[in-house]
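Data from protein17.json: JSON, C-alpha atoms and all ligand atoms
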[["chain", "number", "residue", "atom", "x", "y", "z"],
["G", 1321, "ARG", "CA", 18.83, -2.50, -17.85],
["G", 1322, "PRO", "CA", 20.86, 0.56, -18.70],
["G", 1323, "TYR", "CA", 17.93, 2.95, -18.05],
["G", 1324, "LYS", "CA", 18.21, 3.91, -14.35],
["G", 1325, "PRO", "CA", 16.23, 7.14, -13.87],
["G", 1326, "LEU", "CA", 15.78, 6.42, -10.15],
["G", 1327, "ARG", "CA", 19.44, 5.79, -9.30],
["G", 1328, "GLY", "CA", 20.22, 7.35, -5.90],
["G", 1329, "LYS", "CA", 16.55, 7.57, -4.90],
["G", 1330, "LYS", "CA", 15.33, 5.77, -1.80],
["G", 1331, "ALA", "CA", 11.96, 4.11, -2.25],
["G", 1332, "LEU", "CA", 9.77, 2.63, 0.47],
["G", 1333, "VAL", "CA", 7.06, 0.23, -0.65],
["G", 1334, "THR", "CA", 4.45, -1.25, 1.69],
["G", 1335, "VAL", "CA", 2.90, -4.54, 0.65],
["G", 1336, "GLY", "CA", 0.40, -7.17, 1.68],
["G", 1337, "ALA", "CA", -2.40, -7.65, 4.17],
["G", 1338, "THR", "CA", -1.95, -6.61, 7.78],
["G", 1339, "ARG", "CA", -3.24, -8.95, 10.48],
["G", 1340, "GLU", "CA", -5.00, -7.76, 13.60],
["G", 1341, "PHE", "CA", -4.93, -10.42, 16.29],
["G", 1342, "ILE", "CA", -8.04, -11.23, 18.32],
["G", 1343, "ASP", "CA", -6.29, -13.75, 20.56],
["G", 1344, "SER", "CA", -3.07, -15.77, 20.25],
["G", 1345, "VAL", "CA", -4.28, -17.81, 17.27],
["G", 1346, "ARG", "CA", -6.95, -15.76, 15.48],
["G", 1347, "TYR", "CA", -6.84, -12.59, 13.45],
["G", 1348, "ILE", "CA", -8.75, -10.26, 11.14],
["G", 1349, "SER", "CA", -7.24, -9.63, 7.73],
["G", 1350, "ASN", "CA", -8.12, -9.24, 4.03],
["G", 1351, "LEU", "CA", -7.54, -10.87, 0.64],
["G", 1352, "SER", "CA", -4.58, -8.79, -0.51],
["G", 1353, "SER", "CA", -1.91, -10.99, -2.12],
["G", 1354, "GLY", "CA", 0.84, -8.39, -2.31],
["G", 1355, "LYS", "CA", 1.32, -9.10, -6.05],
["G", 1356, "MET", "CA", 0.94, -5.45, -7.05],
["G", 1357, "GLY", "CA", 3.32, -4.09, -4.43],
["G", 1358, "MET", "CA", 5.96, -6.74, -5.15],
["G", 1359, "ALA", "CA", 5.75, -5.92, -8.86],
["G", 1360, "ILE", "CA", 6.19, -2.22, -8.11],
["G", 1361, "ALA", "CA", 9.20, -2.93, -5.89],
["G", 1362, "ARG", "CA", 10.73, -5.03, -8.69],
["G", 1363, "VAL", "CA", 10.28, -2.30, -11.30],
["G", 1364, "LEU", "CA", 11.57, 0.44, -8.97],
["G", 1365, "ARG", "CA", 14.72, -1.64, -8.48],
["G", 1366, "TRP", "CA", 15.08, -2.15, -12.26],
["G", 1367, "TYR", "CA", 14.95, 1.60, -12.62],
["G", 1368, "GLY", "CA", 17.78, 2.00, -10.13],
["G", 1369, "ALA", "CA", 16.04, 2.95, -6.86],
["G", 1370, "ASP", "CA", 17.25, 1.66, -3.47],
["G", 1371, "VAL", "CA", 14.13, -0.18, -2.38],
["G", 1372, "THR", "CA", 12.96, -1.07, 1.11],
["G", 1373, "LEU", "CA", 9.86, -3.21, 1.43],
["G", 1374, "VAL", "CA", 7.70, -3.12, 4.51],
["G", 1375, "THR", "CA", 5.72, -6.28, 4.07],
["G", 1376, "ALA", "CA", 2.72, -7.60, 5.94],
["G", 1377, "PHE", "CA", 1.29, -11.03, 5.01],
["G", 1378, "THR", "CA", 1.75, -11.85, 1.32],
["G", 1379, "THR", "CA", 1.72, -14.95, -0.89],
["G", 1380, "GLU", "CA", 4.55, -13.53, -3.02],
["G", 1381, "ASN", "CA", 8.31, -13.61, -2.69],
["G", 1382, "PRO", "CA", 10.14, -10.29, -2.63],
["G", 1383, "PRO", "CA", 12.12, -9.39, -5.78],
["G", 1384, "PRO", "CA", 15.93, -9.50, -5.74],
["G", 1385, "GLU", "CA", 18.06, -6.70, -4.32],
["G", 1386, "VAL", "CA", 15.48, -5.09, -2.06],
["G", 1387, "GLU", "CA", 15.66, -4.77, 1.71],
["G", 1388, "VAL", "CA", 12.76, -6.59, 3.39],
["G", 1389, "LEU", "CA", 11.22, -5.63, 6.72],
["G", 1390, "ARG", "CA", 8.41, -7.87, 7.93],
["G", 1391, "VAL", "CA", 5.51, -6.57, 9.99],
["G", 1392, "VAL", "CA", 2.21, -8.01, 11.20],
["G", 1393, "SER", "CA", -0.29, -5.34, 12.20],
["G", 1394, "ALA", "CA", -1.31, -1.87, 11.02],
["G", 1395, "GLU", "CA", 0.40, -0.43, 14.09],
["G", 1396, "ASP", "CA", 3.69, -2.24, 13.25],
["G", 1397, "MET", "CA", 3.50, -0.93, 9.70],
["G", 1398, "ARG", "CA", 2.80, 2.60, 10.91],
["G", 1399, "ARG", "CA", 5.87, 2.53, 13.16],
["G", 1400, "GLU", "CA", 8.20, 1.33, 10.38],
["G", 1401, "VAL", "CA", 6.86, 3.76, 7.76],
["G", 1402, "LEU", "CA", 7.13, 6.78, 10.07],
["G", 1403, "ARG", "CA", 10.62, 5.73, 11.18],
["G", 1404, "LEU", "CA", 11.89, 5.49, 7.58],
["G", 1405, "LEU", "CA", 9.97, 8.47, 6.16],
["G", 1406, "PRO", "CA", 12.66, 11.14, 6.73],
["G", 1407, "GLN", "CA", 15.13, 9.25, 4.52],
["G", 1408, "THR", "CA", 12.58, 8.31, 1.84],
["G", 1409, "HIS", "CA", 12.27, 10.07, -1.56],
["G", 1410, "LEU", "CA", 9.34, 7.96, -2.73],
["G", 1411, "LEU", "CA", 6.70, 6.16, -0.65],
["G", 1412, "VAL", "CA", 4.36, 3.73, -2.41],
["G", 1413, "MET", "CA", 1.68, 2.71, 0.07],
["G", 1414, "ASN", "CA", 0.29, -0.41, -1.59],
["G", 1415, "ALA", "CA", -0.43, -2.44, 1.56],
["G", 1416, "ALA", "CA", -4.01, -3.33, 2.37],
["G", 1417, "VAL", "CA", -3.99, -1.99, 5.89],
["G", 1418, "SER", "CA", -6.79, -3.17, 8.19],
["G", 1419, "ASP", "CA", -9.24, -0.41, 8.91],
["G", 1420, "PHE", "CA", -10.21, -1.97, 12.24],
["G", 1421, "THR", "CA", -8.39, -3.72, 15.06],
["G", 1422, "PRO", "CA", -9.82, -5.50, 18.11],
["G", 1423, "LEU", "CA", -10.27, -3.14, 21.03],
["G", 1424, "GLU", "CA", -8.59, -5.70, 23.23],
["G", 1425, "LYS", "CA", -6.34, -8.62, 22.41],
["G", 1426, "HIS", "CA", -6.93, -11.68, 24.59],
["G", 1427, "SER", "CA", -3.91, -13.68, 25.64],
["G", 1428, "GLY", "CA", -4.23, -17.39, 24.93],
["G", 1429, "LYS", "CA", -7.18, -18.81, 22.98],
["G", 1430, "ILE", "CA", -10.74, -17.58, 23.52],
["G", 1431, "LYS", "CA", -13.05, -20.47, 24.49],
["G", 1432, "LYS", "CA", -15.87, -21.54, 22.19],
["G", 1433, "LYS", "CA", -19.29, -20.12, 23.10],
["G", 1434, "ASP", "CA", -22.72, -19.61, 21.49],
["G", 1435, "GLN", "CA", -22.20, -15.93, 20.77],
["G", 1436, "MET", "CA", -19.38, -13.51, 21.08],
["G", 1437, "ILE", "CA", -19.28, -9.77, 20.53],
["G", 1438, "LEU", "CA", -16.01, -8.56, 19.13],
["G", 1439, "LYS", "CA", -15.39, -4.86, 19.63],
["G", 1440, "LEU", "CA", -13.24, -3.21, 17.00],
["G", 1441, "THR", "CA", -11.65, 0.18, 16.86],
["G", 1442, "LYS", "CA", -10.23, 2.21, 13.97],
["G", 1443, "THR", "CA", -6.55, 1.77, 13.11],
["G", 1444, "PRO", "CA", -4.39, 4.87, 12.60],
["G", 1445, "ASP", "CA", -4.45, 6.06, 8.97],
["G", 1446, "ILE", "CA", -0.78, 5.85, 8.06],
["G", 1447, "LEU", "CA", -1.06, 8.07, 4.97],
["G", 1448, "GLU", "CA", -2.86, 10.79, 6.89],
["G", 1449, "GLU", "CA", -0.05, 10.79, 9.43],
["G", 1450, "VAL", "CA", 2.54, 10.76, 6.65],
["G", 1451, "ALA", "CA", 0.87, 13.82, 5.11],
["G", 1452, "ARG", "CA", 1.71, 15.85, 8.22],
["G", 1453, "SER", "CA", 5.46, 15.37, 7.97],
["G", 1454, "LYS", "CA", 6.32, 14.19, 4.47],
["G", 1455, "GLY", "CA", 8.42, 17.15, 3.36],
["G", 1456, "ASN", "CA", 9.51, 16.47, -0.23],
["G", 1457, "THR", "CA", 8.71, 12.76, -0.22],
["G", 1458, "PHE", "CA", 6.63, 11.82, -3.28],
["G", 1459, "VAL", "CA", 3.70, 9.80, -1.90],
["G", 1460, "VAL", "CA", 1.61, 7.32, -3.88],
["G", 1461, "GLY", "CA", -1.50, 5.71, -2.41],
["G", 1462, "PHE", "CA", -3.85, 3.00, -3.64],
["G", 1463, "ALA", "CA", -7.61, 2.79, -3.28],
["G", 1464, "LEU", "CA", -9.67, -0.33, -3.75],
["G", 1465, "GLU", "CA", -13.28, 0.60, -4.45],
["G", 1466, "GLU", "CA", -16.52, -0.69, -5.92],
["G", 1467, "GLU", "CA", -16.70, 0.12, -9.63],
["G", 1468, "GLU", "CA", -19.58, 2.63, -9.26],
["G", 1469, "VAL", "CA", -17.65, 4.87, -6.85],
["G", 1470, "LEU", "CA", -14.10, 4.17, -8.02],
["G", 1471, "LEU", "CA", -13.30, 7.60, -9.46],
["G", 1472, "GLN", "CA", -15.28, 9.59, -6.95],
["G", 1473, "GLU", "CA", -13.80, 7.86, -3.90],
["G", 1474, "GLY", "CA", -10.34, 7.78, -5.48],
["G", 1475, "LYS", "CA", -10.38, 11.55, -5.95],
["G", 1476, "ARG", "CA", -11.65, 12.10, -2.44],
["G", 1477, "LYS", "CA", -8.86, 9.98, -0.92],
["G", 1478, "LEU", "CA", -6.19, 11.60, -3.10],
["G", 1479, "LEU", "CA", -7.11, 14.99, -1.63],
["G", 1480, "GLN", "CA", -7.89, 13.87, 1.91],
["G", 1481, "LYS", "CA", -4.56, 12.05, 2.25],
["G", 1482, "ARG", "CA", -2.72, 14.81, 0.34],
["G", 1483, "LEU", "CA", -1.15, 12.36, -2.11],
["G", 1484, "ASP", "CA", 0.98, 13.11, -5.16],
["G", 1485, "MET", "CA", -0.62, 10.22, -7.03],
["G", 1486, "LEU", "CA", -3.34, 7.68, -6.36],
["G", 1487, "VAL", "CA", -3.97, 4.39, -8.12],
["G", 1488, "ALA", "CA", -7.69, 3.63, -7.94],
["G", 1489, "ASN", "CA", -8.52, 0.00, -8.67],
["G", 1490, "PRO", "CA", -11.80, -1.92, -8.63],
["G", 1491, "ILE", "CA", -12.21, -4.61, -5.96],
["G", 1492, "ASP", "CA", -11.96, -7.50, -8.42],
["G", 1493, "VAL", "CA", -8.20, -6.88, -8.84],
["G", 1494, "MET", "CA", -7.55, -8.06, -5.28],
["G", 1495, "GLY", "CA", -5.59, -11.33, -5.44],
["G", 1496, "SER", "CA", -6.05, -11.45, -9.23],
["G", 1497, "GLU", "CA", -3.37, -11.66, -11.96],
["G", 1498, "GLN", "CA", -4.98, -8.99, -14.13],
["G", 1499, "HIS", "CA", -5.01, -5.37, -13.16],
["G", 1500, "ARG", "CA", -6.86, -2.24, -14.22],
["G", 1501, "GLY", "CA", -7.79, 1.11, -12.83],
["G", 1502, "TYR", "CA", -7.02, 4.81, -12.96],
["G", 1503, "ILE", "CA", -4.05, 6.91, -12.01],
["G", 1504, "LEU", "CA", -5.22, 10.16, -10.42],
["G", 1505, "TYR", "CA", -3.23, 13.34, -9.79],
["G", 1506, "PRO", "CA", -3.95, 16.32, -7.53],
["G", 1507, "GLU", "CA", -4.10, 18.62, -10.58],
["G", 1508, "GLY", "CA", -7.23, 16.71, -11.59],
["G", 1509, "LYS", "CA", -5.79, 14.66, -14.45],
["G", 1510, "GLU", "CA", -6.79, 10.98, -14.71],
["G", 1511, "GLU", "CA", -5.35, 8.15, -16.80],
["G", 1512, "VAL", "CA", -7.05, 4.82, -17.38],
["G", 1513, "PHE", "CA", -5.08, 1.57, -17.71],
["G", 1514, "SER", "CA", -5.70, -2.15, -18.06],
["G", 1515, "PHE", "CA", -3.09, -4.93, -18.27],
["G", 1516, "PRO", "CA", -3.10, -8.74, -18.30],
["G", 1517, "ASN", "CA", -0.67, -8.88, -15.37],
["G", 1518, "LYS", "CA", 0.51, -6.74, -12.49],
["G", 1519, "LEU", "CA", 4.09, -6.47, -13.69],
["G", 1520, "GLU", "CA", 2.88, -4.57, -16.77],
["G", 1521, "SER", "CA", 0.71, -2.37, -14.56],
["G", 1522, "ALA", "CA", 3.67, -1.77, -12.29],
["G", 1523, "GLU", "CA", 5.82, -0.65, -15.25],
["G", 1524, "PHE", "CA", 3.08, 1.73, -16.36],
["G", 1525, "ILE", "CA", 2.66, 3.16, -12.85],
["G", 1526, "VAL", "CA", 6.40, 3.47, -12.19],
["G", 1527, "LYS", "CA", 6.95, 5.25, -15.52],
["G", 1528, "LYS", "CA", 4.34, 7.80, -14.42],
["G", 1529, "ILE", "CA", 6.12, 8.20, -11.09],
["G", 1530, "VAL", "CA", 9.45, 8.72, -12.90],
["G", 1531, "GLU", "CA", 7.87, 11.43, -15.10],
["G", 1532, "LYS", "CA", 6.68, 13.26, -11.98],
["G", 1533, "ILE", "CA", 9.83, 12.86, -9.89],
["G", 1534, "THR", "CA", 12.42, 13.58, -12.53],
["G", 1535, "GLY", "CA", 10.31, 16.21, -14.28],
["Q", 1, "LIG", "O1", -8.92, 4.83, 3.02],
["Q", 1, "LIG", "P1", -8.41, 3.62, 2.35],
["Q", 1, "LIG", "O2", -7.99, 2.55, 3.30],
["Q", 1, "LIG", "O3", -9.26, 3.08, 1.25],
["Q", 1, "LIG", "O4", -7.11, 4.17, 1.59],
["Q", 1, "LIG", "C1", -6.25, 3.31, 0.95],
["Q", 1, "LIG", "C2", -4.85, 3.86, 1.02],
["Q", 1, "LIG", "O5", -4.54, 4.27, 2.35],
["Q", 1, "LIG", "C3", -3.82, 2.79, 0.69],
["Q", 1, "LIG", "O6", -2.72, 3.40, 0.05],
["Q", 1, "LIG", "C4", -3.48, 2.23, 2.07],
["Q", 1, "LIG", "O7", -2.21, 1.62, 2.07],
["Q", 1, "LIG", "C5", -3.55, 3.46, 2.94],
["Q", 1, "LIG", "N1", -3.96, 3.22, 4.35],
["Q", 1, "LIG", "C6", -3.19, 3.71, 5.37],
["Q", 1, "LIG", "N2", -3.55, 3.50, 6.69],
["Q", 1, "LIG", "C7", -4.69, 2.85, 6.98],
["Q", 1, "LIG", "C8", -5.51, 2.38, 5.93],
["Q", 1, "LIG", "C9", -5.11, 2.59, 4.63],
["Q", 1, "LIG", "O8", -2.15, 4.33, 5.10],
["Q", 1, "LIG", "N3", -5.04, 2.66, 8.25]]
Would you write the structure of this file as structure tokens?
Ligand code: C5P
Amino acid sequence: RPYKPLRGKKALVTVGATREFIDSVRYISNLSSGKMGMAIARVLRWYGADVTLVTAFTTENPPPEVEVLRVVSAEDMRREVLRLLPQTHLLVMNAAVSDFTPLEKHSGKIKKKDQMILKLTKTPDILEEVARSKGNTFVVGFALEEEEVLLQEGKRKLLQKRLDMLVANPIDVMGSEQHRGYILYPEGKEEVFSFPNKLESAEFIVKKIVEKITG
């Protein structure tokens, strides 16, 4: 592709489902496939960006010509994102980060019993931490919400996490081929989209990012 509007830009894309281990063999996670984030990484590369992927568990293979860093937990992802942030022009936080992690991780395998209470604690919100030190980095978040509250919650998260753009998608897109949702901006504008596959969505989203970054 001759059109390379993002040549020279460093992009960091987080992808997939983090895993929070309960003991040596069990974990808490979610249904994220990583399809959306991988598609975004692919399109960013097409458009000339230098792309680093921070990937938690995903069913997808990374696209060609991107650097791949593998992580497991929310805490691992946090560490990598904050480490790379100062050299990043564009952060796309697509990963489905666990909201909770076990308060304690048992070593070995917990024995079977009739009942067990698992205590969970909140994970750090990576985007909220990013907001404190992002400088000029353009930051894109995602929000997966029930249809009825999609726009309302999307707008709230956009502002709370001080994002430059938020992609709000309904929960049925998780793991699915199709994709639809809204792109929200801090100025209050919203754009609706719907595509038969995530690569088309990714092109739509990345074109919007290019418009914002390159003016
Ligand atoms: O608040 P919620 O988890 O719905 O927000 C989703 C956005 O926040 C996503 O972009 C996700 O990657 C990011 N996130 C995060 N740190 C967390 C949880 C979510 O950065 N602990």
Chain G residues near ligand LIG 1 (chain Q) within 7 Å, closest pair each, using all atoms listed in the file, as a Markdown table:
| residue | atom | partner | partner_atom | distance |
| --- | --- | --- | --- | --- |
| G:Ala1394 | CA | Q:LIG1 | N3 | 6.5 |
| G:Met1413 | CA | Q:LIG1 | O6 | 4.5 |
| G:Asn1414 | CA | Q:LIG1 | O7 | 4.9 |
| G:Ala1415 | CA | Q:LIG1 | O7 | 4.5 |
| G:Ala1416 | CA | Q:LIG1 | O7 | 5.3 |
| G:Val1417 | CA | Q:LIG1 | C8 | 4.6 |
| G:Ser1418 | CA | Q:LIG1 | N3 | 6.1 |
| G:Asp1419 | CA | Q:LIG1 | N3 | 5.2 |
| G:Thr1443 | CA | Q:LIG1 | N3 | 5.2 |
| G:Pro1444 | CA | Q:LIG1 | N3 | 4.9 |
| G:Asp1445 | CA | Q:LIG1 | N3 | 3.5 |
| G:Ile1446 | CA | Q:LIG1 | O8 | 3.6 |
| G:Leu1447 | CA | Q:LIG1 | O8 | 3.9 |
| G:Glu1448 | CA | Q:LIG1 | O8 | 6.7 |
| G:Gly1461 | CA | Q:LIG1 | O6 | 3.6 |
| G:Phe1462 | CA | Q:LIG1 | O6 | 3.9 |
| G:Ala1463 | CA | Q:LIG1 | C1 | 4.5 |
| G:Leu1464 | CA | Q:LIG1 | O3 | 6.1 |
| G:Lys1477 | CA | Q:LIG1 | O1 | 6.5 |
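Computed from the coordinates, the atom CA of G:Thr1421 to atom CA of G:Thr1441 distance equals 5.4 Å.
Here the question is which of G:Ala1376, G:Val1363, G:Val1401, G:Leu1478 gets nearest to G:Lys1454 using all atoms listed in the file, and that residue is G:Val1401.
The smallest atom-to-atom distance between G:Ile1430 and any of G:Lys1518, G:Lys1509, G:Arg1346, G:Arg1476, using all atoms listed in the file, is found for G:Arg1346.
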Distance of atom CA of G:Val1374 from atom CA of G:Gly1428, expressed in Å to one decimal place
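Between these atoms lies a distance of 27.6 Å.
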All residues 7 Å or closer to stretch 1381-1390 of chain G, only C-alpha atoms, same chain fewer than 6 positions away omitted, as a PyMOL selection string
chain G and resi 1358+1362+1371-1375
Rounded to one decimal place, report the atom CA of G:Tyr1347-atom CA of G:Glu1400 distance in Å.
20.7 Å
Could you name the residues that touch G:Val1450 at 10 Å or less, counting only C-alpha atoms, but leaving out those on the same chain fewer than 5 positions away, as a PyMOL selection string?
chain G and resi 1398+1401-1402+1405+1411+1445+1455+1457+1459+1481-1483
Measuring between all atoms listed in the file, which one of G:Glu1465, G:Asp1434, G:Glu1510, G:Asp1484 shows the shortest distance to G:Leu1410?
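Ranked by minimum distance to G:Leu1410, first place goes to G:Asp1484.
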Which residue, G:Gly1495, G:Pro1516, G:Pro1322, G:Gly1508, has the smallest gap to G:Gln1472 when you use all atoms listed in the file?
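Using all atoms listed in the file, the shortest distance to G:Gln1472 belongs to G:Gly1508.
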Looking at all atoms listed in the file, which of G:Val1493, G:Ile1503, G:Val1392, G:Ala1522 is the one that sits closest to G:Ser1353?
G:Val1493
Counting only C-alpha atoms, which residues have an atom no more than 6 Å from (-0.3, -10.6, 2.8) in the file's coordinates? Please list them as a VMD selection string.
chain G and resid 1336 to 1337 1352 to 1354 1376 to 1378
Save out the residues we just selected, C-alpha atoms, as a PDB file, in the frame of the given file.
ATOM      1  CA  GLY G1336       0.400  -7.170   1.680  1.00  0.00           C
ATOM      2  CA  ALA G1337      -2.400  -7.650   4.170  1.00  0.00           C
ATOM      3  CA  SER G1352      -4.580  -8.790  -0.510  1.00  0.00           C
ATOM      4  CA  SER G1353      -1.910 -10.990  -2.120  1.00  0.00           C
ATOM      5  CA  GLY G1354       0.840  -8.390  -2.310  1.00  0.00           C
ATOM      6  CA  ALA G1376       2.720  -7.600   5.940  1.00  0.00           C
ATOM      7  CA  PHE G1377       1.290 -11.030   5.010  1.00  0.00           C
ATOM      8  CA  THR G1378       1.750 -11.850   1.320  1.00  0.00           C
TER       9      THR G1378
END
Counting only C-alpha atoms, figure out which residue out of G:Ala1369, G:Ile1437, G:Leu1504, G:Leu1519 gets nearest to G:Val1333.
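Nearest to G:Val1333: G:Ala1369.
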